[in-house]
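Below is one structure; the comments refer to it alone.
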Amino acid sequence: MQQQPLQHNSDVLIIGAGIGGLTTAIKLATQDPALRITVLTKTDESESNTRYAQGGVAAVWDTSVDSFDKHIEDTLIAGDGLCDEAIVRIVVEEGPVRVREIIEWGARFDKNRQENYDLGKEGGHSANRILHYKDITGWEIQRTLLEKAHQLPNITLYDHYFAVDLITQHHLGYTVTRLMPDIECYGAYALNKSNGQIETFRSKITVIATGGAGQVYRDTTNPVIATGDGIAMAYRAKCWIENMEFVQFHPTALYNPAGENPAFLVSEAVRGFGGILKRKDGRPFMEEYDPRGSLAPRDIVARAIDNEMKISGEECMYLDCRHLDKADFLAHFPNIYDKCLSIGIDPMENMIPIVPACHYFCGGIRVDEQGKSSINRLFACGECTSTGLHGANRLASNSLLEALVFGHRIAASVREQLPAIGLQEGIPDWNAAGTTQPGEMVLITQSLKELKEIMSSYVGIVRSDARLKRALDRLHLLFEETEALYDHTVLSPQLCQLRNLITIGYLIARTASLRKESRGLHYTTDYRQQQNIKQEFIL
Ligand code: FAD
Ligand code: SIN
């Protein structure tokens, strides 16, 4: 017998349980024990991008050698003219307090023999300012936040619930357009993966914290959950999305001919520790591209590696760590060391083969300094957002920091707004009439492969008008086929993710084709210079 779909009510619905979602939830729950907070996560609660963060959290810590101004300047330089300086200042200046908070909640960061925090360095940083827990900082943060969230009785965490769409006036039968100033969000529909039912989560305020979308490319450091669901949902709800062309490729994913998904990351902290990028014959090459060498900002290093691979026809470049002290290396990077050994590479004896891989989305849901989106009652936190911090290229280890600072700010703003907001009446159950079970999963898996190929071939590190046009044409076809499938098929996470990833691919290719210049992470052979006019595309 068909079960009756459930309706859940909460004050705040948070979609996502990585650093962005959990920080916001904990902040709200501790500040007001009367609030009912619901957190959704689409797989196991511990699976997220956050869990895989290696290098650490950037924060000004040792003021004898570092300062807010230096961290601000490094962030602005990496962002290549597109950062919002006021937001950069907010994040950098509020960052250390927020990091201290998670230390109080139980997060451990490595210390040196003098019992001071062992501060690492990564590309584009002018000082050592990265707090880390060995090379598994994200695992430690995810652990801490989950433990804290579980101690708070007013947080209810639903795992294996897949958010499908935001609820707006559209679901009440009204026409909603992108130009409307007063779109409102009343919660979300989510697929209960244990029984296939779509349940209604009504909320006074909704926070999207669904992370990035690395899975739109063939090679990515992002886990398979990173399918851009939140950005795609927000776009369908007519929310403002921006800066999607600025996709960060990490220069050093471990080259593994077995083609693992996700690709294993070799942290930039390894270069901060003295690792040097080299050609197969052992000659360093980064100084030929940038005086900062192996520690230049990521966009420059990833492009240089891509270029070296194209010139030489080699499938990878190399990271040489053989000159480093083994005991020190093992103490800092035990996880990386073990992973390399598992594929027959001893970093103390062999150069580590590396390739660039899609890593991070600088753009996303445009939010203000309180984390509010262009839709009323809808906030967003973490990698799914465009806050203005990263501009055209994110400085390493600024992402975890951004989520901590904005989680706090969102909680403060939500608490101010809540007294004036009620739960929306009259929200209909999800309408699944006329849909049938999918007959052929191959239609979904094959389309996903095609999508990744299109994005990797035509919308990767180096772009051109012709490649982008080809991508947009191919994406259009995939979009039409997938929408037809979506309209007639009982929903599955696989189908929803494919649909969301096609939207993400479209948003990247579209913004990339509008930007007639090369800047930060967007590099096109048709317009190699920067334009003096600030170009902003809000989709
Ligand atoms: P995530 O941590 O990705 O969490 C997303 C959550 O949303 C998950 O719980 C997921 O289940 C849920 N979700 C997604 N879609 C749905 C849906 N449809 N329905 C329900 N739930 C959904 N940054 C740094 O600052 N320092 C580092 O050292 C660093 N290292 C990194 C190393 C790797 C390998 C990777 C991949 C990233 C790294 N980053 C680092 C980036 C950083 O980890 C991420 O940007 C950050 O963790 C994102 O956090 P988030 O909360 O926004 O999203
Ligand atoms: C890394 O450890 O290289 C990743 C850091 C980041 O993405 O900020």
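Residues are named by chain letter and number: chains run A, B, ... in the order of the structure tokens, numbers start at 1 in each chain, and ligands are numbered from 1 in the order shown.
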
Tell me, as a PyMOL selection string, which residues lie within 8 Å of Val405 of chain A, counting only C-alpha atoms; anything in the same chain fewer than 6 positions away does not count. chain A and resi 91+94-95+98

Within 7 Å of ligand 2 (only C-alpha atoms and all ligand atoms), residues as an NGL selection string: :A and (53-56 or 266-269 or 395-399)

Shell around segment 300-316 of chain A at 9 Å using only C-alpha atoms, local window under 4 positions removed, as number ranges by chain: A: 248-252, 255, 277, 279-280, 285-286, 289-290, 293-296, 353-357, 461-462, 520-521, 523

Return as a ChimeraX atom specification every polymer residue, whether protein, DNA or RNA, with at least one atom no more than 6 Å from an atom of ligand 1; count only C-alpha atoms and all ligand atoms. /A:15-21,40-43,48-50,52-57,161-164,209-212,221-222,229,265,359,382-384,397-400

Would you mind writing down, as a PyMOL selection string, each residue of segment 107-217 of chain A that DSSP on the backbone assigns to strand (DSSP E or B)? chain A and resi 111+117+120+130-131+155-159+161-167+184+187-192+197-208

Counting only C-alpha atoms, what is within 10 Å of His488 of chain A, bar same-chain residues fewer than 4 positions away, as a ChimeraX atom specification? /A:432-438,483-484

Please, could you write that set of residues out with N, CA, C and O atoms as a tab-separated table (two decimals), in the first residue's frame?
chain	number	residue	atom	x	y	z
A	432	ALA	N	3.51	13.31	-7.81
A	432	ALA	CA	4.26	12.31	-8.58
A	432	ALA	C	3.36	11.63	-9.60
A	432	ALA	O	3.71	10.57	-10.13
A	433	ALA	N	2.19	12.25	-9.88
A	433	ALA	CA	1.23	11.60	-10.79
A	433	ALA	C	1.86	11.41	-12.18
A	433	ALA	O	2.60	12.27	-12.67
A	434	GLY	N	1.55	10.30	-12.79
A	434	GLY	CA	1.97	10.07	-14.18
A	434	GLY	C	3.40	9.61	-14.35
A	434	GLY	O	3.88	9.50	-15.48
A	435	THR	N	4.10	9.36	-13.23
A	435	THR	CA	5.49	8.91	-13.38
A	435	THR	C	5.58	7.38	-13.23
A	435	THR	O	4.79	6.77	-12.52
A	436	THR	N	6.55	6.82	-13.89
A	436	THR	CA	6.73	5.36	-13.82
A	436	THR	C	8.18	5.06	-13.42
A	436	THR	O	9.06	5.92	-13.54
A	437	GLN	N	8.41	3.84	-12.97
A	437	GLN	CA	9.77	3.45	-12.57
A	437	GLN	C	10.72	3.55	-13.78
A	437	GLN	O	10.30	3.25	-14.90
A	438	PRO	N	11.97	3.98	-13.56
A	438	PRO	CA	12.88	4.09	-14.70
A	438	PRO	C	13.17	2.72	-15.30
A	438	PRO	O	13.47	1.78	-14.57
A	483	GLU	N	15.29	16.35	-19.06
A	483	GLU	CA	14.01	16.91	-18.58
A	483	GLU	C	12.86	15.98	-18.96
A	483	GLU	O	11.94	15.75	-18.18
A	484	ALA	N	12.93	15.41	-20.16
A	484	ALA	CA	11.87	14.50	-20.60
A	484	ALA	C	11.82	13.28	-19.68
A	484	ALA	O	10.74	12.83	-19.26

Need to verify the contact set: segment 408-414 of chain A, 9 Å, only C-alpha atoms, exclusion of same-chain residues closer than 6 positions in sequence. Can you return it as a list in words?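 Counting only C-alpha atoms, the residues come to Val12, Thr23, Thr24, Ala25, Ile26, Lys27, Leu28, Gln31, Arg98, Ile205, Val207, Glu369, Gln370, Gly371, Lys372, Arg377, Phe379, Ala380 and Cys381 of chain A.
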
For Arg510 of chain A, work out the shell of residues within 9 Å, counting only C-alpha atoms and skipping chain neighbours fewer than 3 positions away, then give it as a ChimeraX atom specification. /A:244-245,468-469,472,505-507,513-515

Can you write just those residues out, all heavy atoms, as an mmCIF file, in the first residue's frame?
data_model
loop_
_atom_site.group_PDB
_atom_site.id
_atom_site.type_symbol
_atom_site.label_atom_id
_atom_site.label_comp_id
_atom_site.auth_asym_id
_atom_site.auth_seq_id
_atom_site.Cartn_x
_atom_site.Cartn_y
_atom_site.Cartn_z
ATOM 1 N N MET A 244 29.997 31.628 -11.703
ATOM 2 C CA MET A 244 30.133 30.181 -11.902
ATOM 3 C C MET A 244 31.295 29.827 -12.839
ATOM 4 O O MET A 244 31.727 28.665 -12.892
ATOM 5 C CB MET A 244 28.822 29.596 -12.443
ATOM 6 C CG MET A 244 27.709 29.579 -11.422
ATOM 7 S SD MET A 244 28.059 28.524 -10.013
ATOM 8 C CE MET A 244 27.855 26.903 -10.732
ATOM 9 N N GLU A 245 31.783 30.800 -13.595
ATOM 10 C CA GLU A 245 32.904 30.499 -14.496
ATOM 11 C C GLU A 245 34.209 30.265 -13.733
ATOM 12 O O GLU A 245 35.163 29.717 -14.286
ATOM 13 C CB GLU A 245 33.083 31.624 -15.536
ATOM 14 C CG GLU A 245 33.530 32.990 -15.020
ATOM 15 C CD GLU A 245 32.376 33.886 -14.569
ATOM 16 O OE1 GLU A 245 31.417 33.372 -13.957
ATOM 17 O OE2 GLU A 245 32.438 35.113 -14.797
ATOM 18 N N LEU A 468 33.436 26.688 -25.956
ATOM 19 C CA LEU A 468 32.283 26.971 -25.099
ATOM 20 C C LEU A 468 30.976 26.850 -25.871
ATOM 21 O O LEU A 468 29.966 26.356 -25.358
ATOM 22 C CB LEU A 468 32.412 28.371 -24.473
ATOM 23 C CG LEU A 468 33.556 28.504 -23.464
ATOM 24 C CD1 LEU A 468 33.736 29.952 -23.028
ATOM 25 C CD2 LEU A 468 33.302 27.618 -22.234
ATOM 26 N N LYS A 469 31.015 27.273 -27.141
ATOM 27 C CA LYS A 469 29.799 27.151 -27.965
ATOM 28 C C LYS A 469 29.453 25.674 -28.145
ATOM 29 O O LYS A 469 28.295 25.270 -28.019
ATOM 30 C CB LYS A 469 29.995 27.830 -29.319
ATOM 31 C CG LYS A 469 28.760 27.651 -30.186
ATOM 32 C CD LYS A 469 28.794 28.406 -31.469
ATOM 33 C CE LYS A 469 27.533 28.211 -32.300
ATOM 34 N NZ LYS A 469 26.854 26.931 -32.209
ATOM 35 N N LEU A 472 27.919 24.371 -24.992
ATOM 36 C CA LEU A 472 26.536 24.818 -24.760
ATOM 37 C C LEU A 472 25.561 24.076 -25.676
ATOM 38 O O LEU A 472 24.458 23.693 -25.261
ATOM 39 C CB LEU A 472 26.429 26.339 -24.946
ATOM 40 C CG LEU A 472 26.963 27.138 -23.752
ATOM 41 C CD1 LEU A 472 27.193 28.608 -24.100
ATOM 42 C CD2 LEU A 472 26.017 27.029 -22.551
ATOM 43 N N GLY A 505 26.645 22.578 -15.243
ATOM 44 C CA GLY A 505 27.459 22.661 -16.458
ATOM 45 C C GLY A 505 27.019 23.844 -17.308
ATOM 46 O O GLY A 505 27.847 24.626 -17.801
ATOM 47 N N TYR A 506 25.708 23.999 -17.440
ATOM 48 C CA TYR A 506 25.183 25.118 -18.227
ATOM 49 C C TYR A 506 25.606 26.457 -17.600
ATOM 50 O O TYR A 506 26.058 27.360 -18.300
ATOM 51 C CB TYR A 506 23.646 25.026 -18.305
ATOM 52 C CG TYR A 506 23.016 26.322 -18.742
ATOM 53 C CD1 TYR A 506 23.067 26.716 -20.080
ATOM 54 C CD2 TYR A 506 22.428 27.180 -17.823
ATOM 55 C CE1 TYR A 506 22.541 27.932 -20.485
ATOM 56 C CE2 TYR A 506 21.903 28.396 -18.215
ATOM 57 C CZ TYR A 506 21.955 28.767 -19.543
ATOM 58 O OH TYR A 506 21.447 29.979 -19.928
ATOM 59 N N LEU A 507 25.473 26.571 -16.278
ATOM 60 C CA LEU A 507 25.797 27.849 -15.621
ATOM 61 C C LEU A 507 27.275 28.198 -15.796
ATOM 62 O O LEU A 507 27.634 29.355 -16.018
ATOM 63 C CB LEU A 507 25.435 27.793 -14.132
ATOM 64 C CG LEU A 507 23.930 27.728 -13.811
ATOM 65 C CD1 LEU A 507 23.702 27.445 -12.328
ATOM 66 C CD2 LEU A 507 23.237 29.029 -14.201
ATOM 67 N N SER A 513 31.147 31.919 -21.249
ATOM 68 C CA SER A 513 31.053 32.460 -22.609
ATOM 69 C C SER A 513 30.723 33.953 -22.581
ATOM 70 O O SER A 513 31.033 34.688 -23.519
ATOM 71 C CB SER A 513 30.021 31.691 -23.438
ATOM 72 O OG SER A 513 28.746 31.921 -22.914
ATOM 73 N N LEU A 514 30.122 34.426 -21.497
ATOM 74 C CA LEU A 514 29.833 35.869 -21.395
ATOM 75 C C LEU A 514 31.089 36.673 -21.044
ATOM 76 O O LEU A 514 31.212 37.844 -21.396
ATOM 77 C CB LEU A 514 28.775 36.114 -20.312
ATOM 78 C CG LEU A 514 27.348 35.659 -20.644
ATOM 79 C CD1 LEU A 514 26.450 35.777 -19.417
ATOM 80 C CD2 LEU A 514 26.779 36.492 -21.787
ATOM 81 N N ARG A 515 32.026 36.056 -20.345
ATOM 82 C CA ARG A 515 33.212 36.798 -19.884
ATOM 83 C C ARG A 515 34.249 36.881 -20.995
ATOM 84 O O ARG A 515 34.943 35.911 -21.288
ATOM 85 C CB ARG A 515 33.801 36.138 -18.629
ATOM 86 C CG ARG A 515 34.962 36.937 -18.029
ATOM 87 C CD ARG A 515 35.328 36.433 -16.646
ATOM 88 N NE ARG A 515 34.312 36.747 -15.657
ATOM 89 C CZ ARG A 515 34.125 37.946 -15.096
ATOM 90 N NH1 ARG A 515 34.911 38.951 -15.409
ATOM 91 N NH2 ARG A 515 33.159 38.135 -14.212
#

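Between Thr63 of chain A and the candidates A:Leu501, A:Ala127, A:Ala392, A:Ile336, the tightest atom-to-atom separation, counting only C-alpha atoms, involves A:Ala127.
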
At what distance in Å, to one decimal, does atom CA of Leu448 of chain A lie from atom CA of Ser518 of chain A?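 Distance reported for this atom pair: 28.5 Å.
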
Using DSSP on the backbone, list every residue of segment 145-323 of chain A that comes out as helix (DSSP H, G or I), and give them as a ChimeraX atom specification. /A:145-151,169-172,214-216,229-236,269-272,286-288,293-295,298-312

Go through A:Gly81, A:Pro223, A:Pro257, A:Pro181 one by one, measure the shortest atom-to-atom distance of each to Ile343 of chain A using only C-alpha atoms, and give the residue with the smallest value. A:Pro257

What's around Ala327 of chain A at 12 Å? Count only C-alpha atoms, leave out sequence neighbours fewer than 4 positions away in its own chain, and write the answer as number ranges by chain. A: 331-334, 337, 348

For Leu324 of chain A, which of A:Val60, A:Val92, A:Ile276, A:Leu485 is the closest residue, counting only C-alpha atoms? A:Ile276

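Restricting the calculation to only C-alpha atoms, the smallest distance between Asp11 of chain A and any of A:Met441, A:Gln417, A:Asn261, A:Asp473 is found for A:Gln417.
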
Nearest to Asp135 of chain A, chosen from A:Val270, A:Ala213, A:Ala509, A:Leu423, with only C-alpha atoms counted in the distances: A:Val270

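The interatomic distance for the pair atom CA of Ala188 of chain A and atom CA of Thr511 of chain A works out to 27.1 Å.
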